[in-house]
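Enquirer: run_1.pdb is reproduced in full below (PDB, C-alpha atoms, pLDDT in the B column).
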MODEL        1
ATOM      1  CA  MET A  17     -59.918  47.456  -4.378  1.00 69.00           C
ATOM      2  CA  ALA A  18     -59.457  50.448  -6.706  1.00 78.00           C
ATOM      3  CA  MET A  19     -58.493  52.638  -3.735  1.00 82.00           C
ATOM      4  CA  SER A  20     -55.902  50.067  -2.646  1.00 87.00           C
ATOM      5  CA  ILE A  21     -54.350  50.158  -6.091  1.00 90.00           C
ATOM      6  CA  LEU A  22     -54.403  53.957  -6.116  1.00 89.00           C
ATOM      7  CA  TRP A  23     -52.745  54.202  -2.681  1.00 87.00           C
ATOM      8  CA  GLY A  24     -50.207  51.565  -3.661  1.00 88.00           C
ATOM      9  CA  LEU A  25     -49.279  53.550  -6.778  1.00 91.00           C
ATOM     10  CA  LEU A  26     -48.971  56.775  -4.772  1.00 89.00           C
ATOM     11  CA  ILE A  27     -46.656  55.090  -2.258  1.00 86.00           C
ATOM     12  CA  LEU A  28     -44.594  53.519  -5.030  1.00 89.00           C
ATOM     13  CA  CYS A  29     -44.224  56.891  -6.795  1.00 89.00           C
ATOM     14  CA  SER A  30     -43.167  58.527  -3.527  1.00 85.00           C
ATOM     15  CA  VAL A  31     -40.486  55.927  -2.905  1.00 86.00           C
ATOM     16  CA  VAL A  32     -39.195  56.043  -6.499  1.00 89.00           C
ATOM     17  CA  PHE A  33     -38.973  59.845  -6.608  1.00 88.00           C
ATOM     18  CA  SER A  34     -37.446  59.947  -3.137  1.00 85.00           C
ATOM     19  CA  LEU A  35     -34.715  57.517  -4.186  1.00 85.00           C
ATOM     20  CA  TRP A  36     -34.204  59.395  -7.466  1.00 88.00           C
ATOM     21  CA  ASN A  37     -33.785  62.734  -5.653  1.00 86.00           C
ATOM     22  CA  GLY A  38     -31.572  61.225  -2.959  1.00 85.00           C
ATOM     23  CA  THR A  39     -34.041  62.004  -0.179  1.00 85.00           C
ATOM     24  CA  GLY A  40     -34.560  58.407   0.972  1.00 81.00           C
ATOM     25  CA  PRO A  41     -33.500  59.096   4.586  1.00 85.00           C
ATOM     26  CA  ALA A  42     -35.870  62.077   4.769  1.00 85.00           C
ATOM     27  CA  LEU A  43     -38.707  59.881   3.477  1.00 82.00           C
ATOM     28  CA  SER A  44     -38.070  57.167   6.071  1.00 83.00           C
ATOM     29  CA  THR A  45     -37.966  59.806   8.839  1.00 87.00           C
ATOM     30  CA  ALA A  46     -41.226  61.338   7.585  1.00 84.00           C
ATOM     31  CA  VAL A  47     -42.887  57.898   7.487  1.00 83.00           C
ATOM     32  CA  ALA A  48     -41.903  57.190  11.092  1.00 84.00           C
ATOM     33  CA  GLN A  49     -43.021  60.636  12.295  1.00 87.00           C
ATOM     34  CA  GLY A  50     -46.307  60.350  10.383  1.00 83.00           C
ATOM     35  CA  ALA A  51     -47.056  56.965  11.920  1.00 84.00           C
ATOM     36  CA  GLN A  52     -46.315  58.303  15.399  1.00 85.00           C
ATOM     37  CA  SER A  53     -48.483  61.402  14.853  1.00 82.00           C
ATOM     38  CA  GLY A  54     -51.323  59.259  13.501  1.00 80.00           C
ATOM     39  CA  LEU A  55     -51.238  56.965  16.509  1.00 83.00           C
ATOM     40  CA  THR A  56     -51.160  59.901  18.936  1.00 79.00           C
ATOM     41  CA  LEU A  57     -54.102  61.521  17.173  1.00 74.00           C
ATOM     42  CA  ALA A  58     -56.100  58.259  17.132  1.00 78.00           C
ATOM     43  CA  ILE A  59     -55.592  57.775  20.868  1.00 78.00           C
ATOM     44  CA  SER A  60     -56.572  61.371  21.686  1.00 70.00           C
ATOM     45  CA  ILE A  61     -59.717  61.178  19.543  1.00 70.00           C
ATOM     46  CA  GLY A  62     -60.549  57.731  20.939  1.00 75.00           C
ATOM     47  CA  GLY A  63     -61.218  59.152  24.399  1.00 74.00           C
ATOM     48  CA  SER A  64     -63.651  61.738  23.081  1.00 66.00           C
ATOM     49  CA  LEU A  65     -65.354  59.203  20.831  1.00 68.00           C
ATOM     50  CA  CYS A  66     -65.791  56.789  23.757  1.00 76.00           C
ATOM     51  CA  LEU A  67     -67.232  59.575  25.906  1.00 73.00           C
ATOM     52  CA  TRP A  68     -69.791  60.710  23.349  1.00 66.00           C
ATOM     53  CA  SER A  69     -70.670  57.163  22.309  1.00 68.00           C
ATOM     54  CA  GLY A  70     -71.342  56.460  25.987  1.00 76.00           C
ATOM     55  CA  VAL A  71     -73.515  59.565  26.158  1.00 72.00           C
ATOM     56  CA  GLY A  72     -75.422  58.253  23.123  1.00 66.00           C
ATOM     57  CA  ARG A  73     -75.982  54.853  24.781  1.00 74.00           C
ATOM     58  CA  LEU A  74     -77.078  56.577  27.980  1.00 79.00           C
ATOM     59  CA  MET A  75     -79.527  58.717  25.993  1.00 72.00           C
ATOM     60  CA  LYS A  76     -80.957  55.554  24.427  1.00 71.00           C
ATOM     61  CA  ALA A  77     -81.218  53.811  27.834  1.00 82.00           C
ATOM     62  CA  VAL A  78     -83.159  56.678  29.444  1.00 86.00           C
ATOM     63  CA  GLY A  79     -85.449  57.133  26.434  1.00 78.00           C
ATOM     64  CA  ALA A  80     -83.996  60.426  25.223  1.00 74.00           C
ATOM     65  CA  THR A  81     -83.367  58.948  21.784  1.00 66.00           C
ATOM     66  CA  ASN A  82     -87.051  58.015  21.450  1.00 71.00           C
ATOM     67  CA  ALA A  83     -88.012  61.518  22.563  1.00 79.00           C
ATOM     68  CA  LEU A  84     -85.689  63.004  19.940  1.00 74.00           C
ATOM     69  CA  SER A  85     -87.157  60.631  17.382  1.00 72.00           C
ATOM     70  CA  ARG A  86     -90.664  61.900  18.180  1.00 79.00           C
ATOM     71  CA  LEU A  87     -89.368  65.481  18.051  1.00 83.00           C
ATOM     72  CA  LEU A  88     -87.706  64.913  14.680  1.00 80.00           C
ATOM     73  CA  ARG A  89     -90.589  62.878  13.215  1.00 80.00           C
ATOM     74  CA  PRO A  90     -92.348  65.846  11.489  1.00 85.00           C
ATOM     75  CA  LEU A  91     -89.100  66.977   9.857  1.00 84.00           C
ATOM     76  CA  LEU A  92     -88.052  63.437   8.952  1.00 83.00           C
ATOM     77  CA  GLY A  93     -91.498  62.779   7.508  1.00 83.00           C
ATOM     78  CA  ARG A  94     -91.081  65.698   5.105  1.00 86.00           C
ATOM     79  CA  ILE A  95     -87.562  64.739   4.025  1.00 86.00           C
ATOM     80  CA  PHE A  96     -88.109  60.959   4.106  1.00 87.00           C
ATOM     81  CA  PRO A  97     -91.818  60.189   3.504  1.00 85.00           C
ATOM     82  CA  GLU A  98     -91.097  56.454   3.889  1.00 83.00           C
ATOM     83  CA  SER A  99     -90.373  56.984   7.603  1.00 79.00           C
ATOM     84  CA  HIS A 100     -94.115  57.403   8.309  1.00 77.00           C
ATOM     85  CA  ARG A 101     -94.731  53.784   7.290  1.00 81.00           C
ATOM     86  CA  ASP A 102     -91.552  52.223   8.688  1.00 81.00           C
ATOM     87  CA  ALA A 103     -90.829  52.636  12.411  1.00 77.00           C
ATOM     88  CA  SER A 104     -87.403  50.965  12.106  1.00 78.00           C
ATOM     89  CA  LEU A 105     -86.433  53.412   9.379  1.00 82.00           C
ATOM     90  CA  ALA A 106     -87.632  56.345  11.492  1.00 81.00           C
ATOM     91  CA  GLY A 107     -85.581  55.117  14.457  1.00 79.00           C
ATOM     92  CA  ALA A 108     -82.431  54.597  12.384  1.00 82.00           C
ATOM     93  CA  LEU A 109     -82.816  57.998  10.714  1.00 85.00           C
ATOM     94  CA  SER A 110     -83.374  59.851  13.974  1.00 82.00           C
ATOM     95  CA  GLY A 111     -80.461  58.072  15.660  1.00 80.00           C
ATOM     96  CA  ASN A 112     -78.221  58.856  12.703  1.00 83.00           C
ATOM     97  CA  ILE A 113     -79.202  62.514  12.652  1.00 84.00           C
ATOM     98  CA  CYS A 114     -78.880  62.862  16.441  1.00 79.00           C
ATOM     99  CA  ALA A 115     -75.384  61.336  16.380  1.00 78.00           C
ATOM    100  CA  ASN A 116     -74.416  63.737  13.605  1.00 79.00           C
ATOM    101  CA  LEU A 117     -75.868  66.655  15.588  1.00 78.00           C
ATOM    102  CA  LEU A 118     -73.491  65.687  18.396  1.00 72.00           C
ATOM    103  CA  GLY A 119     -70.593  65.596  15.933  1.00 68.00           C
ATOM    104  CA  LEU A 120     -70.170  61.824  16.179  1.00 69.00           C
ATOM    105  CA  GLY A 121     -69.789  60.825  12.549  1.00 67.00           C
ATOM    106  CA  ASN A 122     -68.298  57.443  13.521  1.00 69.00           C
ATOM    107  CA  ALA A 123     -71.148  56.662  15.912  1.00 71.00           C
ATOM    108  CA  ALA A 124     -73.694  57.770  13.289  1.00 77.00           C
ATOM    109  CA  THR A 125     -72.379  55.372  10.642  1.00 79.00           C
ATOM    110  CA  PRO A 126     -74.068  52.109  11.773  1.00 81.00           C
ATOM    111  CA  MET A 127     -77.464  53.813  12.035  1.00 82.00           C
ATOM    112  CA  GLY A 128     -76.933  55.509   8.673  1.00 85.00           C
ATOM    113  CA  ILE A 129     -76.137  52.152   7.065  1.00 86.00           C
ATOM    114  CA  ALA A 130     -79.263  50.617   8.620  1.00 86.00           C
ATOM    115  CA  ALA A 131     -81.386  53.502   7.299  1.00 87.00           C
ATOM    116  CA  ALA A 132     -79.769  53.284   3.856  1.00 89.00           C
ATOM    117  CA  LYS A 133     -80.554  49.556   3.636  1.00 89.00           C
ATOM    118  CA  ARG A 134     -84.213  50.267   4.402  1.00 87.00           C
ATOM    119  CA  LEU A 135     -84.314  53.016   1.747  1.00 88.00           C
ATOM    120  CA  ILE A 136     -83.144  50.732  -1.072  1.00 86.00           C
ATOM    121  CA  ASP A 137     -85.953  49.786  -3.431  1.00 80.00           C
ATOM    122  CA  PRO A 138     -85.985  45.962  -3.730  1.00 78.00           C
ATOM    123  CA  ALA A 139     -87.264  46.259  -7.306  1.00 81.00           C
ATOM    124  CA  ARG A 140     -84.232  48.392  -8.272  1.00 82.00           C
ATOM    125  CA  PRO A 141     -81.422  47.466  -5.842  1.00 79.00           C
ATOM    126  CA  ASN A 142     -78.654  49.013  -7.964  1.00 81.00           C
ATOM    127  CA  VAL A 143     -80.333  52.434  -8.267  1.00 79.00           C
ATOM    128  CA  ALA A 144     -80.071  55.087  -5.557  1.00 79.00           C
ATOM    129  CA  GLY A 145     -83.510  56.604  -5.109  1.00 84.00           C
ATOM    130  CA  ASP A 146     -84.240  60.180  -4.103  1.00 86.00           C
ATOM    131  CA  SER A 147     -84.563  59.368  -0.387  1.00 87.00           C
ATOM    132  CA  LEU A 148     -81.252  57.497  -0.314  1.00 88.00           C
ATOM    133  CA  CYS A 149     -79.577  60.442  -2.062  1.00 88.00           C
ATOM    134  CA  ARG A 150     -81.054  62.829   0.533  1.00 89.00           C
ATOM    135  CA  LEU A 151     -79.718  60.617   3.346  1.00 89.00           C
ATOM    136  CA  ILE A 152     -76.245  60.659   1.794  1.00 89.00           C
ATOM    137  CA  VAL A 153     -76.418  64.450   1.427  1.00 89.00           C
ATOM    138  CA  LEU A 154     -77.438  64.863   5.081  1.00 86.00           C
ATOM    139  CA  ASN A 155     -74.647  62.566   6.265  1.00 84.00           C
ATOM    140  CA  THR A 156     -72.075  64.297   4.089  1.00 84.00           C
ATOM    141  CA  ALA A 157     -73.128  67.782   5.208  1.00 83.00           C
ATOM    142  CA  SER A 158     -73.563  66.524   8.777  1.00 79.00           C
ATOM    143  CA  ILE A 159     -75.285  69.325  10.668  1.00 82.00           C
ATOM    144  CA  GLN A 160     -73.364  69.538  13.937  1.00 80.00           C
ATOM    145  CA  LEU A 161     -74.522  71.319  17.060  1.00 82.00           C
ATOM    146  CA  ILE A 162     -71.612  69.960  19.108  1.00 80.00           C
ATOM    147  CA  PRO A 163     -68.537  69.208  16.965  1.00 81.00           C
ATOM    148  CA  ALA A 164     -67.101  66.742  19.477  1.00 75.00           C
ATOM    149  CA  ASN A 165     -64.524  65.064  17.218  1.00 74.00           C
ATOM    150  CA  VAL A 166     -63.190  68.340  15.816  1.00 81.00           C
ATOM    151  CA  ALA A 167     -62.947  69.793  19.314  1.00 82.00           C
ATOM    152  CA  ALA A 168     -61.045  66.688  20.465  1.00 78.00           C
ATOM    153  CA  VAL A 169     -58.542  67.080  17.631  1.00 80.00           C
ATOM    154  CA  ARG A 170     -58.113  70.780  18.430  1.00 86.00           C
ATOM    155  CA  ALA A 171     -57.620  70.019  22.130  1.00 85.00           C
ATOM    156  CA  SER A 172     -55.059  67.315  21.350  1.00 78.00           C
ATOM    157  CA  LEU A 173     -53.085  69.851  19.328  1.00 82.00           C
ATOM    158  CA  GLY A 174     -52.967  72.273  22.256  1.00 87.00           C
ATOM    159  CA  CYS A 175     -55.931  74.561  21.558  1.00 87.00           C
ATOM    160  CA  GLN A 176     -57.001  76.346  24.744  1.00 91.00           C
ATOM    161  CA  ARG A 177     -60.627  76.808  23.607  1.00 92.00           C
ATOM    162  CA  PRO A 178     -61.443  73.890  21.296  1.00 89.00           C
ATOM    163  CA  PHE A 179     -65.140  74.822  21.043  1.00 89.00           C
ATOM    164  CA  ASP A 180     -64.612  78.427  19.922  1.00 90.00           C
ATOM    165  CA  ILE A 181     -65.453  77.305  16.377  1.00 89.00           C
ATOM    166  CA  LEU A 182     -69.130  76.645  17.194  1.00 88.00           C
ATOM    167  CA  TYR A 183     -70.605  79.555  15.228  1.00 91.00           C
ATOM    168  CA  ALA A 184     -68.538  78.759  12.149  1.00 90.00           C
ATOM    169  CA  VAL A 185     -69.476  75.066  12.362  1.00 88.00           C
ATOM    170  CA  TRP A 186     -73.164  75.906  12.742  1.00 89.00           C
ATOM    171  CA  ALA A 187     -73.142  78.339   9.823  1.00 92.00           C
ATOM    172  CA  THR A 188     -71.268  76.047   7.453  1.00 90.00           C
ATOM    173  CA  SER A 189     -73.084  72.827   8.353  1.00 87.00           C
ATOM    174  CA  PHE A 190     -76.580  74.354   8.099  1.00 90.00           C
ATOM    175  CA  THR A 191     -75.675  76.098   4.845  1.00 93.00           C
ATOM    176  CA  SER A 192     -74.143  72.992   3.278  1.00 91.00           C
ATOM    177  CA  ALA A 193     -77.038  70.762   4.391  1.00 89.00           C
ATOM    178  CA  GLY A 194     -79.608  73.235   3.082  1.00 90.00           C
ATOM    179  CA  ALA A 195     -77.819  73.660  -0.240  1.00 93.00           C
ATOM    180  CA  GLY A 196     -77.328  69.901  -0.583  1.00 91.00           C
ATOM    181  CA  LEU A 197     -80.989  69.105   0.139  1.00 89.00           C
ATOM    182  CA  LEU A 198     -82.099  71.821  -2.286  1.00 92.00           C
ATOM    183  CA  MET A 199     -79.886  70.390  -5.031  1.00 91.00           C
ATOM    184  CA  ALA A 200     -81.065  66.840  -4.286  1.00 88.00           C
ATOM    185  CA  TRP A 201     -84.667  68.031  -4.577  1.00 87.00           C
ATOM    186  CA  ILE A 202     -83.984  69.926  -7.844  1.00 91.00           C
ATOM    187  CA  LEU A 203     -82.056  67.033  -9.380  1.00 88.00           C
ATOM    188  CA  GLY A 204     -84.775  64.601  -8.276  1.00 84.00           C
ATOM    189  CA  LYS A 205     -87.343  66.706 -10.157  1.00 84.00           C
ATOM    190  CA  VAL A 206     -85.112  67.018 -13.250  1.00 85.00           C
ATOM    191  CA  TRP A 207     -84.413  63.288 -13.468  1.00 77.00           C
ATOM    192  CA  LYS A 208     -88.078  62.372 -12.966  1.00 67.00           C
ATOM    193  CA  ASP A 209     -89.091  64.697 -15.791  1.00 50.00           C
ATOM    194  CA  ALA A 210     -86.272  63.547 -18.100  1.00 48.00           C
TER     195      ALA A 210
ENDMDL
END
Please express the file's structure as structure tokens.
Expert:
Amino acid sequence: MAMSILWGLLILCSVVFSLWNGTGPALSTAVAQGAQSGLTLAISIGGSLCLWSGVGRLMKAVGATNALSRLLRPLLGRIFPESHRDASLAGALSGNICANLLGLGNAATPMGIAAAKRLIDPARPNVAGDSLCRLIVLNTASIQLIPANVAAVRASLGCQRPFDILYAVWATSFTSAGAGLLMAWILGKVWKDA
């Protein structure tokens, strides 16, 4: 609700200042062009998202997701100790991380929400625990081995080699995830001691 109010105020300010400056026709042209560009971009990304979501469903059907879950279990167990006791949590976490590795933030969201729900402490439902904070950090940093959505946007804008950003994506996503997890660990220790 607060975001709706904020966006409404921003739009109202834009219209008022546009009318005040006499640039109303330019504003209406920009609104139409922005809507058209947004629709074009959504359609071009939609194809890539459908492809990679289909790949994710295929991986689940052939058991590759379970294999990745077993492969990730030692790492997940260190970051999320609760996953050793909760198979559903382990599955949701591994699916979420695998979707993020493929650069499918939208496809990762439902599994991330399922994992987040399982990480909430019923005794303190309004407090984000350390594990939930680590999950949010990992989803925000989103380590990506294949940045599918970014490559789709680059291709839709005419890039000849949309995946030539791989090394930069790998470096930044691993660095941001590592720094975020380190800070979550440090802050978790500080708050426990305070």
Enquirer: I would like the residues chosen by the PyMOL selection byres ((chain A and resi 88-95) around 8) on the shown file; could you give them as a PDB file with C-alpha atoms, keeping the file's coordinate frame?
Expert:
ATOM      1  CA  LEU A  84     -85.689  63.004  19.940  1.00 74.00           C
ATOM      2  CA  SER A  85     -87.157  60.631  17.382  1.00 72.00           C
ATOM      3  CA  ARG A  86     -90.664  61.900  18.180  1.00 79.00           C
ATOM      4  CA  LEU A  87     -89.368  65.481  18.051  1.00 83.00           C
ATOM      5  CA  PHE A  96     -88.109  60.959   4.106  1.00 87.00           C
ATOM      6  CA  PRO A  97     -91.818  60.189   3.504  1.00 85.00           C
ATOM      7  CA  GLU A  98     -91.097  56.454   3.889  1.00 83.00           C
ATOM      8  CA  SER A  99     -90.373  56.984   7.603  1.00 79.00           C
ATOM      9  CA  HIS A 100     -94.115  57.403   8.309  1.00 77.00           C
ATOM     10  CA  ALA A 106     -87.632  56.345  11.492  1.00 81.00           C
ATOM     11  CA  LEU A 109     -82.816  57.998  10.714  1.00 85.00           C
ATOM     12  CA  SER A 110     -83.374  59.851  13.974  1.00 82.00           C
ATOM     13  CA  SER A 147     -84.563  59.368  -0.387  1.00 87.00           C
ATOM     14  CA  ARG A 150     -81.054  62.829   0.533  1.00 89.00           C
TER      15      ARG A 150
END
Enquirer: One number please: CA of Gly63 in chain A to CA of Ser20 in chain A, in Å, one decimal.
Expert: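 Value for the CA of Gly63 in chain A-CA of Ser20 in chain A distance: 29.0 Å.
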Enquirer: How many Å lie between CA of Gly128 in chain A and CA of Ile113 in chain A, rounded to one decimal?
Expert: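 Computing the Euclidean distance for CA of Gly128 in chain A and CA of Ile113 in chain A yields 8.4 Å.
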Enquirer: Nearest residue to Ile152 in chain A out of A:Cys175, A:Ala131, A:Ser53, A:Pro138, using all atoms listed in the file?
Expert: A:Ala131
Enquirer: Tell me which of A:Ala103, A:Ala42, A:Ala115, A:Cys149 sits closest to Gly196 in chain A, counting all atoms listed in the file.
Expert: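 Answer, going by the shortest atom-to-atom distance: A:Cys149.
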Enquirer: Have a look at CA of Ala132 in chain A and CA of Ala108 in chain A and let me know their distance in Å, one decimal.
Expert: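 Those two atoms sit 9.0 Å apart.
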Enquirer: Go through A:Ala58, A:Met127, A:Ile27, A:Ala48 and flag the residue nearest Ser104 in chain A, using all atoms listed in the file for the distances.
Expert: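 The shortest atom-to-atom distance to Ser104 in chain A comes from A:Met127.
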Enquirer: Determine the residue membership of the PyMOL selection byres ((chain A and resi 162-165) around 12) for the file above and supply it as a VMD selection string.
Expert: chain A and resid 57 to 58 60 to 69 71 114 to 123 158 to 161 166 to 172 178 to 186 189
Enquirer: Mind writing the picked residues with C-alpha atoms as an mmCIF file, in the frame of the given file?
Expert:
data_model
loop_
_atom_site.group_PDB
_atom_site.id
_atom_site.type_symbol
_atom_site.label_atom_id
_atom_site.label_comp_id
_atom_site.auth_asym_id
_atom_site.auth_seq_id
_atom_site.Cartn_x
_atom_site.Cartn_y
_atom_site.Cartn_z
ATOM 1 C CA LEU A 57 -54.102 61.521 17.173
ATOM 2 C CA ALA A 58 -56.100 58.259 17.132
ATOM 3 C CA SER A 60 -56.572 61.371 21.686
ATOM 4 C CA ILE A 61 -59.717 61.178 19.543
ATOM 5 C CA GLY A 62 -60.549 57.731 20.939
ATOM 6 C CA GLY A 63 -61.218 59.152 24.399
ATOM 7 C CA SER A 64 -63.651 61.738 23.081
ATOM 8 C CA LEU A 65 -65.354 59.203 20.831
ATOM 9 C CA CYS A 66 -65.791 56.789 23.757
ATOM 10 C CA LEU A 67 -67.232 59.575 25.906
ATOM 11 C CA TRP A 68 -69.791 60.710 23.349
ATOM 12 C CA SER A 69 -70.670 57.163 22.309
ATOM 13 C CA VAL A 71 -73.515 59.565 26.158
ATOM 14 C CA CYS A 114 -78.880 62.862 16.441
ATOM 15 C CA ALA A 115 -75.384 61.336 16.380
ATOM 16 C CA ASN A 116 -74.416 63.737 13.605
ATOM 17 C CA LEU A 117 -75.868 66.655 15.588
ATOM 18 C CA LEU A 118 -73.491 65.687 18.396
ATOM 19 C CA GLY A 119 -70.593 65.596 15.933
ATOM 20 C CA LEU A 120 -70.170 61.824 16.179
ATOM 21 C CA GLY A 121 -69.789 60.825 12.549
ATOM 22 C CA ASN A 122 -68.298 57.443 13.521
ATOM 23 C CA ALA A 123 -71.148 56.662 15.912
ATOM 24 C CA SER A 158 -73.563 66.524 8.777
ATOM 25 C CA ILE A 159 -75.285 69.325 10.668
ATOM 26 C CA GLN A 160 -73.364 69.538 13.937
ATOM 27 C CA LEU A 161 -74.522 71.319 17.060
ATOM 28 C CA VAL A 166 -63.190 68.340 15.816
ATOM 29 C CA ALA A 167 -62.947 69.793 19.314
ATOM 30 C CA ALA A 168 -61.045 66.688 20.465
ATOM 31 C CA VAL A 169 -58.542 67.080 17.631
ATOM 32 C CA ARG A 170 -58.113 70.780 18.430
ATOM 33 C CA ALA A 171 -57.620 70.019 22.130
ATOM 34 C CA SER A 172 -55.059 67.315 21.350
ATOM 35 C CA PRO A 178 -61.443 73.890 21.296
ATOM 36 C CA PHE A 179 -65.140 74.822 21.043
ATOM 37 C CA ASP A 180 -64.612 78.427 19.922
ATOM 38 C CA ILE A 181 -65.453 77.305 16.377
ATOM 39 C CA LEU A 182 -69.130 76.645 17.194
ATOM 40 C CA TYR A 183 -70.605 79.555 15.228
ATOM 41 C CA ALA A 184 -68.538 78.759 12.149
ATOM 42 C CA VAL A 185 -69.476 75.066 12.362
ATOM 43 C CA TRP A 186 -73.164 75.906 12.742
ATOM 44 C CA SER A 189 -73.084 72.827 8.353
#
